[in-house]
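As structure tokens, the structure follows; a few thoughts come after it.
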Amino acid sequence: MPTHRAVGTTPVRKTHRSTAIRLAAIAAVAVTAAACGSGDPAPAPGAGNGTPAALEGVGPITLASGKDTSGNMQKQVDEWNKLHPDQKVTIVELPESADQQRQQMVQNAQAQSDAYGVLNLDVVWTAEFAANQWIVALPENEFPLDKLLPATVETGKYFNKLYAVPTTSDGGLLYYRKDLLDAVGAQPPKTWAEMQEICEKVKADNASLDCYAGQFEKYEGLTVNFSEAVNSAGGVVVGEDGKPNVNTPEAAKGLQFLVDGVKSGMIPAEARTYKEEEGRRAFQAGELIFHRQWPYQYALANASDGSSKVAGKFAVAPLPGLDGPGASTLGGHNYAVSAFTPNKKTALDFIKFMVDEKQQRANLMATSQAPTWAALYDDAELVEQFPYLPFLKASIENAQKRPSVVKYQEVSTAIQEAAYSAMSGEVAPADALATLQTKLEQLTAS
């Protein structure tokens, strides 16, 4: 699910003393491994060796996750609780920001607290949490991995060992006001230049509208939007060899698109304060012509309860790029079992319940979030309701991954600093990329 969250109120409990003693030595070794922080991160002790240890313990657990804006997660949890009255699951809602979600999960793990049973992890956190042994390896033969999109399964692995199971995926999409484009005889843009040209035509009769927004606040969303711009101009942030390669002419063109967008007003000034929810609210209020957003926005923007001024007036297309269709960054969330919960079997069984095709179908229909169950993208009934599913599937299958490194948060922060300073006019794009290249080389060095 996207990174829009609300602060939870469930207190953190200290783990049982026996669990803390048993895991203290393991955690110390894992922290040393995490300190390596290279593009080819050091494996957690025992990673990839043998079969995962049996997960035992049955009883109540919690699900640490972002805000359930649709209410469907609670419905699915209620269904589980009805079937398993002695193994009830309680949702613990975390902050709205992805960075703050991770911070709370890390603090909970460092305290070796059993307050969180199942973690709803952003796909880029797997390496860090696995390397530190904050989550446990999972038995692959107990999950329908062959039924899931291969790209999503890989996000749950660390050194070829499964640590998390993908329940939702994500690919960036271009939401656009179809009614306004129809009025000027325009098709959805395939390039950035076409998007700006369409904006100028639409704004000729709708001067109060803003052209384009994404997630440009200094947080994980900016890492995604910067990466998409670079990839959509033919560049990379970190290459397949795990080495940074961001100080290139291609990457410069991607960053320049964002910088020029701010300078020209194509990207409104307030968009640099937008995370997912701020942008969603602006689009639903009819303030934007184009919006880069995740699939979850589709159902909310089409709501017929009066909360959206654009219901029935918008459509969705692939992201535009420099010379043609752009590239999406792979997003999504995976469920993992906390190393510190005493009820690991219940946690395992709950994840199996949530990844099932029935639950993923229900979640898609209720929330428009991207499923990981491959067959759902080809289901005629679902495609009729969500016509973007076929190219969303292609977007996910061809999406670019963010760097898979143990020091991911530091890498992401460096990217955010570079992009935000350039978009704010504080640093020239060329200087921002040169500095970023140096920082990434340091963070991914062996």
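We name chains A, B, ... following the order of the structure tokens; residues begin at 1 in each chain, and ligands are numbered from 1 as shown.
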
Report as JSON lines the residues of segment 138-235 of chain A within 6 Å of segment 321-341 of chain A, each with its shortest atom pair and distance in Å (one decimal), using only C-alpha atoms, ordered by chain and increasing residue number.
{"residue": "A:Ala164", "atom": "CA", "partner": "A:Ala336", "partner_atom": "CA", "distance": 4.5}
{"residue": "A:Val165", "atom": "CA", "partner": "A:Asn334", "partner_atom": "CA", "distance": 5.0}
{"residue": "A:Pro166", "atom": "CA", "partner": "A:Asn334", "partner_atom": "CA", "distance": 4.1}
{"residue": "A:Thr167", "atom": "CA", "partner": "A:Asn334", "partner_atom": "CA", "distance": 5.6}
{"residue": "A:Thr168", "atom": "CA", "partner": "A:Gly332", "partner_atom": "CA", "distance": 5.4}
{"residue": "A:Ser169", "atom": "CA", "partner": "A:Gly332", "partner_atom": "CA", "distance": 3.8}
{"residue": "A:Asp170", "atom": "CA", "partner": "A:Gly331", "partner_atom": "CA", "distance": 4.3}
{"residue": "A:Gly171", "atom": "CA", "partner": "A:Leu330", "partner_atom": "CA", "distance": 5.6}
{"residue": "A:Gly172", "atom": "CA", "partner": "A:Ser328", "partner_atom": "CA", "distance": 5.2}
{"residue": "A:Lys190", "atom": "CA", "partner": "A:Pro325", "partner_atom": "CA", "distance": 5.0}
{"residue": "A:Thr191", "atom": "CA", "partner": "A:Gly321", "partner_atom": "CA", "distance": 4.7}
{"residue": "A:Trp192", "atom": "CA", "partner": "A:Gly321", "partner_atom": "CA", "distance": 5.6}
{"residue": "A:Glu228", "atom": "CA", "partner": "A:Ser328", "partner_atom": "CA", "distance": 5.5}
{"residue": "A:Asn231", "atom": "CA", "partner": "A:Ala327", "partner_atom": "CA", "distance": 5.9}
{"residue": "A:Ser232", "atom": "CA", "partner": "A:Gly326", "partner_atom": "CA", "distance": 4.4}
{"residue": "A:Ala233", "atom": "CA", "partner": "A:Leu322", "partner_atom": "CA", "distance": 5.2}

Surrounding residues of Asp146 of chain A excluding itself and chain neighbours under 5 positions, 12 Å, only C-alpha atoms, as a PyMOL selection string: chain A and resi 140-141+151-154+372-375

Residues just named, written with C-alpha atoms as an mmCIF file, in the first residue's frame:
data_model
loop_
_atom_site.group_PDB
_atom_site.id
_atom_site.type_symbol
_atom_site.label_atom_id
_atom_site.label_comp_id
_atom_site.auth_asym_id
_atom_site.auth_seq_id
_atom_site.Cartn_x
_atom_site.Cartn_y
_atom_site.Cartn_z
ATOM 1 C CA GLU A 140 8.939 -20.857 0.355
ATOM 2 C CA ASN A 141 7.007 -24.100 -0.181
ATOM 3 C CA ALA A 151 9.266 -9.183 -9.976
ATOM 4 C CA THR A 152 7.289 -8.845 -6.760
ATOM 5 C CA VAL A 153 8.583 -12.125 -5.318
ATOM 6 C CA GLU A 154 12.175 -10.977 -5.776
ATOM 7 C CA THR A 372 0.731 -9.475 -6.731
ATOM 8 C CA TRP A 373 -1.398 -12.435 -7.936
ATOM 9 C CA ALA A 374 -0.601 -12.487 -11.676
ATOM 10 C CA ALA A 375 -3.881 -13.933 -12.989
#

Considering only C-alpha atoms, return as a list in words whatever protein or nucleic-acid residues lie within 10 Å of Glu240 of chain A, sequence-local ones (same chain, fewer than 3 positions apart) excluded.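 Counting only C-alpha atoms, the residues come to Gly39, Val236, Val237, Lys243, Pro244, Lys401 and Pro403 of chain A.
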
Which is closer to Gln101 of chain A than all the others in A:Ser264, A:Asn120, A:Asn343, A:Gln369, using only C-alpha atoms?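 Ranking A:Ser264, A:Asn120, A:Asn343, A:Gln369 by distance to Gln101 of chain A, first place goes to A:Asn120.
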
From a backbone DSSP assignment, name each residue in segment 59-209 of chain A labelled alpha helix (DSSP H), as number ranges by chain. A: 72-83, 98-110, 126-131, 150-154, 178-183, 192-203

Could you name the residues that touch Ala301 of chain A at 12 Å or less, counting only C-alpha atoms, but leaving out those on the same chain fewer than 3 positions away, as a short mmCIF file (atom, residue, chain, number, x, y, z; two decimals) with N, CA and C atoms, in the first residue's frame?
data_model
loop_
_atom_site.label_atom_id
_atom_site.label_comp_id
_atom_site.auth_asym_id
_atom_site.auth_seq_id
_atom_site.Cartn_x
_atom_site.Cartn_y
_atom_site.Cartn_z
N TYR A 175 -2.18 9.90 -13.87
CA TYR A 175 -3.61 10.23 -13.82
C TYR A 175 -3.79 11.55 -14.57
N TYR A 176 -4.81 11.61 -15.41
CA TYR A 176 -5.02 12.84 -16.17
C TYR A 176 -6.51 13.14 -16.30
N ARG A 177 -6.82 14.43 -16.43
CA ARG A 177 -8.20 14.87 -16.58
C ARG A 177 -8.65 14.63 -18.02
N GLU A 277 -0.66 11.59 -0.12
CA GLU A 277 -1.99 12.05 0.24
C GLU A 277 -2.25 13.51 -0.10
N GLY A 279 -0.99 15.14 -2.62
CA GLY A 279 -1.23 15.17 -4.04
C GLY A 279 -2.58 14.58 -4.41
N ARG A 280 -2.94 13.50 -3.73
CA ARG A 280 -4.26 12.89 -4.01
C ARG A 280 -5.38 13.88 -3.73
N ARG A 281 -5.28 14.56 -2.62
CA ARG A 281 -6.34 15.51 -2.28
C ARG A 281 -6.40 16.65 -3.31
N ALA A 282 -5.24 17.09 -3.79
CA ALA A 282 -5.23 18.16 -4.80
C ALA A 282 -5.86 17.68 -6.10
N PHE A 283 -5.54 16.45 -6.51
CA PHE A 283 -6.13 15.92 -7.75
C PHE A 283 -7.63 15.76 -7.60
N GLN A 284 -8.06 15.20 -6.48
CA GLN A 284 -9.50 14.99 -6.26
C GLN A 284 -10.26 16.30 -6.13
N ALA A 285 -9.57 17.35 -5.72
CA ALA A 285 -10.22 18.66 -5.61
C ALA A 285 -10.30 19.36 -6.96
N GLY A 286 -9.77 18.71 -8.00
CA GLY A 286 -9.83 19.29 -9.34
C GLY A 286 -8.79 20.36 -9.59
N HIS A 291 -1.23 14.01 -12.74
CA HIS A 291 -0.71 13.63 -11.43
C HIS A 291 -0.04 12.27 -11.51
N GLN A 293 0.96 9.12 -9.67
CA GLN A 293 0.47 8.52 -8.43
C GLN A 293 0.42 7.00 -8.55
N TRP A 294 0.25 6.33 -7.44
CA TRP A 294 0.12 4.88 -7.38
C TRP A 294 -1.32 4.45 -7.70
N PRO A 295 -1.57 3.17 -7.95
CA PRO A 295 -2.91 2.70 -8.31
C PRO A 295 -3.98 2.95 -7.23
N TYR A 296 -3.59 3.04 -5.97
CA TYR A 296 -4.59 3.17 -4.91
C TYR A 296 -5.49 4.39 -5.09
N GLN A 297 -4.99 5.41 -5.79
CA GLN A 297 -5.76 6.64 -5.95
C GLN A 297 -7.01 6.43 -6.81
N TYR A 298 -6.99 5.43 -7.68
CA TYR A 298 -8.06 5.26 -8.65
C TYR A 298 -9.43 5.15 -7.98
N SER A 304 -18.10 8.10 -5.40
CA SER A 304 -19.32 8.83 -5.76
C SER A 304 -20.02 9.44 -4.54
N ASP A 305 -19.28 9.52 -3.44
CA ASP A 305 -19.88 10.04 -2.20
C ASP A 305 -19.68 11.53 -2.02
N GLY A 306 -19.20 12.20 -3.05
CA GLY A 306 -19.00 13.64 -2.97
C GLY A 306 -17.60 14.04 -2.53
N SER A 307 -16.74 13.07 -2.21
CA SER A 307 -15.39 13.39 -1.73
C SER A 307 -14.45 13.73 -2.87
N SER A 308 -14.84 13.43 -4.12
CA SER A 308 -13.98 13.71 -5.26
C SER A 308 -14.73 14.51 -6.31
N LYS A 309 -14.13 15.62 -6.72
CA LYS A 309 -14.73 16.46 -7.75
C LYS A 309 -14.41 15.94 -9.16
N VAL A 310 -13.55 14.92 -9.25
CA VAL A 310 -13.14 14.45 -10.57
C VAL A 310 -13.65 13.05 -10.88
N ALA A 311 -14.55 12.54 -10.06
CA ALA A 311 -15.10 11.20 -10.30
C ALA A 311 -15.72 11.14 -11.70
N GLY A 312 -15.30 10.13 -12.47
CA GLY A 312 -15.81 9.97 -13.82
C GLY A 312 -15.22 10.92 -14.84
N LYS A 313 -14.26 11.77 -14.42
CA LYS A 313 -13.69 12.77 -15.33
C LYS A 313 -12.23 12.51 -15.66
N PHE A 314 -11.64 11.46 -15.09
CA PHE A 314 -10.21 11.23 -15.30
C PHE A 314 -9.97 9.85 -15.88
N ALA A 315 -8.76 9.65 -16.34
CA ALA A 315 -8.32 8.34 -16.81
C ALA A 315 -6.86 8.17 -16.42
N VAL A 316 -6.30 7.01 -16.76
CA VAL A 316 -4.95 6.67 -16.35
C VAL A 316 -4.15 6.20 -17.55
N THR A 367 -9.95 -1.27 -3.02
CA THR A 367 -8.96 -0.21 -2.85
C THR A 367 -8.26 0.21 -4.13
N SER A 368 -8.34 -0.57 -5.19
CA SER A 368 -7.62 -0.40 -6.46
C SER A 368 -6.11 -0.53 -6.29
#

Please identify which residues in segment 131-340 of chain A DSSP calls strand (DSSP E or B) from the backbone, and express them as a PyMOL selection string. chain A and resi 135+148+157-158+161-162+165-170+173-177+191+210-213+238+244+288-293+314-317+320-321+325+329+331-338

Take the residues that were just selected and, keeping N, CA and C atoms, output them as a compact mmCIF listing (two decimals), in the first residue's frame.
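The result, stored in out18.txt:
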# COMPACT_ATOMS: atom_id res chain seq x y z
N ILE A 135 13.60 -9.73 11.02
CA ILE A 135 12.53 -10.57 10.47
C ILE A 135 13.12 -11.96 10.23
N LEU A 148 2.47 -15.66 -8.26
CA LEU A 148 2.67 -14.23 -8.08
C LEU A 148 3.59 -13.67 -9.17
N LYS A 157 13.07 -11.23 -1.21
CA LYS A 157 14.22 -12.13 -0.99
C LYS A 157 15.47 -11.35 -0.62
N TYR A 158 16.30 -12.00 0.17
CA TYR A 158 17.60 -11.48 0.55
C TYR A 158 18.59 -12.62 0.45
N LYS A 161 16.97 -15.97 -0.33
CA LYS A 161 16.17 -16.59 0.72
C LYS A 161 14.96 -15.72 1.00
N LEU A 162 13.79 -16.32 1.11
CA LEU A 162 12.55 -15.56 1.28
C LEU A 162 12.40 -15.06 2.71
N VAL A 165 6.71 -11.71 2.00
CA VAL A 165 5.81 -12.16 0.93
C VAL A 165 5.05 -10.96 0.38
N PRO A 166 5.10 -10.72 -0.94
CA PRO A 166 4.42 -9.56 -1.52
C PRO A 166 2.91 -9.72 -1.52
N THR A 167 2.23 -8.79 -0.90
CA THR A 167 0.76 -8.81 -0.88
C THR A 167 0.17 -7.72 -1.76
N THR A 168 0.89 -6.63 -1.93
CA THR A 168 0.49 -5.59 -2.89
C THR A 168 1.74 -5.14 -3.64
N SER A 169 1.56 -4.77 -4.88
CA SER A 169 2.65 -4.20 -5.65
C SER A 169 2.29 -2.76 -5.96
N ASP A 170 3.16 -2.11 -6.71
CA ASP A 170 2.89 -0.73 -7.09
C ASP A 170 3.71 -0.37 -8.31
N LEU A 173 1.75 5.60 -12.14
CA LEU A 173 0.80 5.83 -13.24
C LEU A 173 0.59 7.33 -13.42
N LEU A 174 0.21 7.72 -14.63
CA LEU A 174 -0.14 9.11 -14.89
C LEU A 174 -1.66 9.24 -14.89
N TYR A 175 -2.18 9.90 -13.87
CA TYR A 175 -3.61 10.23 -13.82
C TYR A 175 -3.79 11.55 -14.57
N TYR A 176 -4.81 11.61 -15.41
CA TYR A 176 -5.02 12.84 -16.17
C TYR A 176 -6.51 13.14 -16.30
N ARG A 177 -6.82 14.43 -16.43
CA ARG A 177 -8.20 14.87 -16.58
C ARG A 177 -8.65 14.63 -18.02
N THR A 191 5.41 11.89 -23.90
CA THR A 191 6.67 12.53 -23.55
C THR A 191 6.40 13.71 -22.62
N ASP A 210 -3.37 23.81 -12.00
CA ASP A 210 -1.94 23.50 -12.04
C ASP A 210 -1.72 22.33 -12.99
N CYS A 211 -0.51 22.26 -13.54
CA CYS A 211 -0.25 21.27 -14.56
C CYS A 211 0.05 19.88 -13.99
N TYR A 212 1.13 19.75 -13.26
CA TYR A 212 1.64 18.41 -12.93
C TYR A 212 2.19 18.37 -11.52
N ALA A 213 1.91 17.27 -10.83
CA ALA A 213 2.48 17.05 -9.50
C ALA A 213 2.78 15.57 -9.33
N VAL A 238 21.68 3.38 -9.73
CA VAL A 238 22.66 2.35 -9.41
C VAL A 238 22.54 1.27 -10.48
N PRO A 244 27.00 2.85 -8.21
CA PRO A 244 26.31 4.08 -8.58
C PRO A 244 26.80 4.59 -9.93
N LEU A 288 -5.45 19.74 -10.37
CA LEU A 288 -4.35 19.29 -11.22
C LEU A 288 -4.86 18.72 -12.54
N ILE A 289 -4.10 18.95 -13.60
CA ILE A 289 -4.40 18.33 -14.89
C ILE A 289 -3.78 16.94 -14.96
N PHE A 290 -2.53 16.83 -14.49
CA PHE A 290 -1.81 15.57 -14.49
C PHE A 290 -1.27 15.28 -13.08
N HIS A 291 -1.23 14.01 -12.74
CA HIS A 291 -0.71 13.63 -11.43
C HIS A 291 -0.04 12.27 -11.51
N ARG A 292 1.23 12.20 -11.11
CA ARG A 292 1.92 10.92 -10.98
C ARG A 292 1.54 10.32 -9.63
N GLN A 293 0.96 9.12 -9.67
CA GLN A 293 0.47 8.52 -8.43
C GLN A 293 0.42 7.00 -8.55
N PHE A 314 -11.64 11.46 -15.09
CA PHE A 314 -10.21 11.23 -15.30
C PHE A 314 -9.97 9.85 -15.88
N ALA A 315 -8.76 9.65 -16.34
CA ALA A 315 -8.32 8.34 -16.81
C ALA A 315 -6.86 8.17 -16.42
N VAL A 316 -6.30 7.01 -16.76
CA VAL A 316 -4.95 6.67 -16.35
C VAL A 316 -4.15 6.20 -17.55
N ALA A 317 -2.88 6.58 -17.61
CA ALA A 317 -1.99 6.20 -18.70
C ALA A 317 -0.60 5.90 -18.16
N PRO A 320 4.90 9.39 -18.83
CA PRO A 320 5.65 9.87 -20.00
C PRO A 320 7.14 9.93 -19.68
N GLY A 321 7.96 10.01 -20.73
CA GLY A 321 9.40 10.10 -20.55
C GLY A 321 10.00 11.15 -21.46
N PRO A 325 7.29 6.75 -23.81
CA PRO A 325 6.80 6.32 -22.50
C PRO A 325 7.94 6.14 -21.50
N THR A 329 9.18 3.19 -11.15
CA THR A 329 9.94 2.55 -10.08
C THR A 329 9.05 1.52 -9.43
N GLY A 331 7.25 -0.40 -6.74
CA GLY A 331 6.85 -0.17 -5.36
C GLY A 331 6.11 -1.37 -4.82
N GLY A 332 5.47 -1.19 -3.70
CA GLY A 332 4.69 -2.27 -3.13
C GLY A 332 5.05 -2.54 -1.68
N HIS A 333 4.30 -3.44 -1.09
CA HIS A 333 4.50 -3.80 0.31
C HIS A 333 4.47 -5.31 0.50
N ASN A 334 5.33 -5.77 1.37
CA ASN A 334 5.46 -7.18 1.67
C ASN A 334 5.22 -7.43 3.15
N TYR A 335 4.65 -8.59 3.46
CA TYR A 335 4.43 -8.97 4.85
C TYR A 335 5.58 -9.84 5.33
N ALA A 336 6.10 -9.51 6.51
CA ALA A 336 7.20 -10.26 7.11
C ALA A 336 6.88 -10.57 8.57
N VAL A 337 7.49 -11.63 9.10
CA VAL A 337 7.27 -12.04 10.49
C VAL A 337 8.38 -11.46 11.35
N SER A 338 8.00 -10.72 12.37
CA SER A 338 8.98 -10.15 13.30
C SER A 338 9.72 -11.27 14.03

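For the choices A:Ala207, A:Leu83, A:Ala251, A:Met266, the atom-to-atom distance to Phe353 of chain A is smallest for A:Leu83 when using only C-alpha atoms.
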
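The space separating atom CA of Glu93 of chain A from atom CA of Phe129 of chain A comes to 19.2 Å.
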
Name all residues at most 10 Å from Glu270 of chain A (count only C-alpha atoms; drop same-chain ones fewer than 2 positions away) and give them as a list of chain:residue names. A:Ala213, A:Phe216, A:Glu217, A:Val262, A:Ile267, A:Pro268, A:Arg272, A:Thr273, A:Tyr274, A:Glu278, A:Gly279

Ala271 of chain A proximity check over A:Val230, A:Ala127, A:Leu433, A:Leu222, using only C-alpha atoms: winner is A:Leu222

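The gap separating atom CA of Leu138 of chain A from atom CA of Ala53 of chain A is 8.3 Å, in Å to one decimal.
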
What is the atom CA of Val106 of chain A to atom CA of Glu128 of chain A distance in Å? 9.6 Å

Residues within 9 Å of Leu255 of chain A, only C-alpha atoms, excluding chain neighbours under 4 positions, as an mmCIF file with C-alpha atoms, in the first residue's frame:
data_model
loop_
_atom_site.group_PDB
_atom_site.id
_atom_site.type_symbol
_atom_site.label_atom_id
_atom_site.label_comp_id
_atom_site.auth_asym_id
_atom_site.auth_seq_id
_atom_site.Cartn_x
_atom_site.Cartn_y
_atom_site.Cartn_z
ATOM 1 C CA PHE A 226 13.727 11.205 -9.046
ATOM 2 C CA ALA A 229 12.801 10.745 -14.070
ATOM 3 C CA VAL A 230 16.355 9.429 -14.418
ATOM 4 C CA GLU A 250 21.124 10.771 -19.116
ATOM 5 C CA ALA A 251 20.607 11.262 -15.386
ATOM 6 C CA VAL A 259 14.166 21.426 -12.173
ATOM 7 C CA ASP A 260 12.731 23.022 -15.318
ATOM 8 C CA ALA A 419 16.980 16.174 -5.917
ATOM 9 C CA ALA A 422 18.328 21.101 -7.278
ATOM 10 C CA MET A 423 14.549 21.530 -7.573
ATOM 11 C CA PRO A 429 21.781 20.050 -11.240
ATOM 12 C CA LEU A 433 24.583 14.824 -9.319
#
